[in-house]
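The file run14.pdb contains PDB, C-alpha atoms:
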```
ATOM      1  CA  MET A 130      11.372  20.502 209.517  1.00  0.00           C
ATOM      2  CA  GLY A 131      11.172  24.139 208.562  1.00  0.00           C
ATOM      3  CA  SER A 132       9.871  24.038 205.015  1.00  0.00           C
ATOM      4  CA  SER A 133       6.947  22.432 203.276  1.00  0.00           C
ATOM      5  CA  LEU A 134       8.637  22.600 199.846  1.00  0.00           C
ATOM      6  CA  PRO A 135      10.637  19.632 198.539  1.00  0.00           C
ATOM      7  CA  GLY A 136      14.398  20.229 198.300  1.00  0.00           C
ATOM      8  CA  TRP A 137      14.517  20.824 194.547  1.00  0.00           C
ATOM      9  CA  ARG A 138      11.719  23.393 194.735  1.00  0.00           C
ATOM     10  CA  MET A 139      13.480  25.224 197.540  1.00  0.00           C
ATOM     11  CA  GLN A 140      16.676  25.221 195.471  1.00  0.00           C
ATOM     12  CA  ARG A 141      14.846  26.528 192.404  1.00  0.00           C
ATOM     13  CA  ARG A 142      13.197  29.284 194.468  1.00  0.00           C
ATOM     14  CA  GLN A 143      16.606  30.249 195.849  1.00  0.00           C
ATOM     15  CA  TRP A 144      18.059  30.377 192.327  1.00  0.00           C
ATOM     16  CA  GLN A 145      15.134  32.515 191.150  1.00  0.00           C
ATOM     17  CA  ASP A 146      15.616  34.900 194.083  1.00  0.00           C
ATOM     18  CA  GLU A 147      19.348  35.222 193.469  1.00  0.00           C
ATOM     19  CA  LEU A 148      18.857  35.691 189.729  1.00  0.00           C
ATOM     20  CA  ALA A 149      16.208  38.353 190.389  1.00  0.00           C
ATOM     21  CA  GLN A 150      18.667  40.209 192.602  1.00  0.00           C
ATOM     22  CA  LEU A 151      21.386  39.946 189.930  1.00  0.00           C
ATOM     23  CA  GLN A 152      18.940  41.191 187.304  1.00  0.00           C
ATOM     24  CA  ARG A 153      17.994  44.211 189.430  1.00  0.00           C
ATOM     25  CA  CYS A 154      21.654  45.042 190.072  1.00  0.00           C
ATOM     26  CA  ALA A 155      22.515  44.765 186.392  1.00  0.00           C
ATOM     27  CA  ALA A 156      19.597  47.001 185.426  1.00  0.00           C
ATOM     28  CA  ALA A 157      20.546  49.543 188.101  1.00  0.00           C
ATOM     29  CA  ASP A 158      24.133  49.587 186.803  1.00  0.00           C
ATOM     30  CA  ASP A 159      22.823  50.224 183.274  1.00  0.00           C
ATOM     31  CA  ALA A 160      24.043  46.777 182.175  1.00  0.00           C
ATOM     32  CA  ARG A 161      20.875  46.143 180.177  1.00  0.00           C
ATOM     33  CA  ARG A 162      22.296  43.314 178.060  1.00  0.00           C
ATOM     34  CA  LEU A 163      23.377  41.406 181.173  1.00  0.00           C
ATOM     35  CA  ALA A 164      19.979  42.023 182.751  1.00  0.00           C
ATOM     36  CA  ASP A 165      18.356  40.612 179.588  1.00  0.00           C
ATOM     37  CA  LEU A 166      20.503  37.462 179.792  1.00  0.00           C
ATOM     38  CA  VAL A 167      19.549  36.956 183.436  1.00  0.00           C
ATOM     39  CA  GLU A 168      15.886  37.461 182.533  1.00  0.00           C
ATOM     40  CA  ALA A 169      16.182  34.739 179.876  1.00  0.00           C
ATOM     41  CA  ILE A 170      17.832  32.381 182.366  1.00  0.00           C
ATOM     42  CA  ARG A 171      15.023  33.037 184.853  1.00  0.00           C
ATOM     43  CA  ALA A 172      12.447  32.252 182.149  1.00  0.00           C
ATOM     44  CA  LEU A 173      14.292  29.031 181.327  1.00  0.00           C
ATOM     45  CA  LEU A 174      14.293  28.046 184.984  1.00  0.00           C
ATOM     46  CA  ALA A 175      10.580  28.826 185.259  1.00  0.00           C
ATOM     47  CA  ALA A 176       9.975  26.657 182.167  1.00  0.00           C
ATOM     48  CA  ASP A 177      11.671  23.692 183.884  1.00  0.00           C
ATOM     49  CA  GLY A 178      14.612  23.862 181.482  1.00  0.00           C
ATOM     50  CA  ARG A 179      12.514  23.771 178.315  1.00  0.00           C
ATOM     51  CA  ALA A 180      14.037  26.379 176.028  1.00  0.00           C
ATOM     52  CA  THR A 181      11.235  26.079 173.472  1.00  0.00           C
ATOM     53  CA  GLY A 182       9.264  29.282 173.583  1.00  0.00           C
ATOM     54  CA  VAL A 183      11.893  31.152 175.603  1.00  0.00           C
ATOM     55  CA  ASP A 184      12.948  33.898 173.212  1.00  0.00           C
ATOM     56  CA  ALA A 185      16.071  35.499 174.553  1.00  0.00           C
ATOM     57  CA  GLY A 186      16.624  37.925 171.653  1.00  0.00           C
ATOM     58  CA  LEU A 187      20.058  38.767 173.050  1.00  0.00           C
ATOM     59  CA  GLU A 188      22.886  40.780 171.523  1.00  0.00           C
ATOM     60  CA  LYS A 189      26.545  39.803 171.336  1.00  0.00           C
ATOM     61  CA  PRO A 190      28.334  38.563 173.412  1.00  0.00           C
ATOM     62  CA  PHE A 191      25.351  37.448 175.479  1.00  0.00           C
ATOM     63  CA  ALA A 192      23.729  35.649 172.526  1.00  0.00           C
ATOM     64  CA  ALA A 193      26.691  33.248 172.436  1.00  0.00           C
ATOM     65  CA  VAL A 194      26.371  32.600 176.176  1.00  0.00           C
ATOM     66  CA  TRP A 195      22.660  31.876 175.782  1.00  0.00           C
ATOM     67  CA  ARG A 196      23.330  29.518 172.861  1.00  0.00           C
ATOM     68  CA  ARG A 197      25.831  27.535 174.969  1.00  0.00           C
ATOM     69  CA  ILE A 198      23.362  27.292 177.842  1.00  0.00           C
ATOM     70  CA  VAL A 199      20.607  25.963 175.577  1.00  0.00           C
ATOM     71  CA  GLU A 200      22.959  23.568 173.780  1.00  0.00           C
ATOM     72  CA  GLY A 201      23.969  22.146 177.158  1.00  0.00           C
ATOM     73  CA  LEU A 202      20.392  21.155 178.053  1.00  0.00           C
TER      74      LEU A 202
END
```
Starting from the file, lay out its structure as structure tokens.
Amino acid sequence: MGSSLPGWRMQRRQWQDELAQLQRCAAADDARRLADLVEAIRALLAADGRATGVDAGLEKPFAAVWRRIVEGL
């Protein structure tokens, strides 16, 4: 059985890796606001879905996306 991590931890690590790649691509494409949104999502994932203390400080239209994510928790 190839991994010592439980399934949910492996999934979360995979999400973090994919989000990190998306964040790097957005930053490289000078899409700073998108990169900031992805950074906030990564912080939320690292905080086990607890939005308290995760300050996104995003600009429109990404602020609305962030608000919907947090409201859906």
(request) To verify the selection step, state as a ChimeraX atom specification which residues the PyMOL selection byres ((chain A and resi 191-200) around 8) yields on this input. (result) /A:162-163,166,180,185-190,201-202
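Here atom CA of Gln145 of chain A is placed at a distance of 8.3 Å from atom CA of Ala175 of chain A.
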(message) Considering only C-alpha atoms, can you say which of A:Leu174, A:Val183, A:Ala169, A:Ala164 comes closest to Leu151 of chain A?
(response)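 Between A:Leu174, A:Val183, A:Ala169, A:Ala164, the residue approaching Leu151 of chain A most closely is A:Ala164.
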(message) Measuring between only C-alpha atoms, which one of A:Gln140, A:Leu173, A:Gly182, A:Glu168 shows the shortest distance to Arg153 of chain A?
(response)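 Result for the nearest residue to Arg153 of chain A: A:Glu168.
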(message) Using Å and a single decimal, report how far atom CA of Arg141 of chain A sits from atom CA of Ile170 of chain A.
(response)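 About the pair atom CA of Ile170 of chain A and atom CA of Arg141 of chain A: they are 12.0 Å apart.
Interatomic distance, atom CA of Arg171 of chain A to atom CA of Leu148 of chain A: 6.7 Å.
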Axis-aligned box over every listed atom of segment 168-173 of chain A, padded by 8 Å per side: centre and edges in Å to one decimal, as lines of an AutoDock Vina configuration file?
```
center_x = 15.1
center_y = 33.2
center_z = 182.4
size_x = 21.4
size_y = 24.4
size_z = 21.0
```
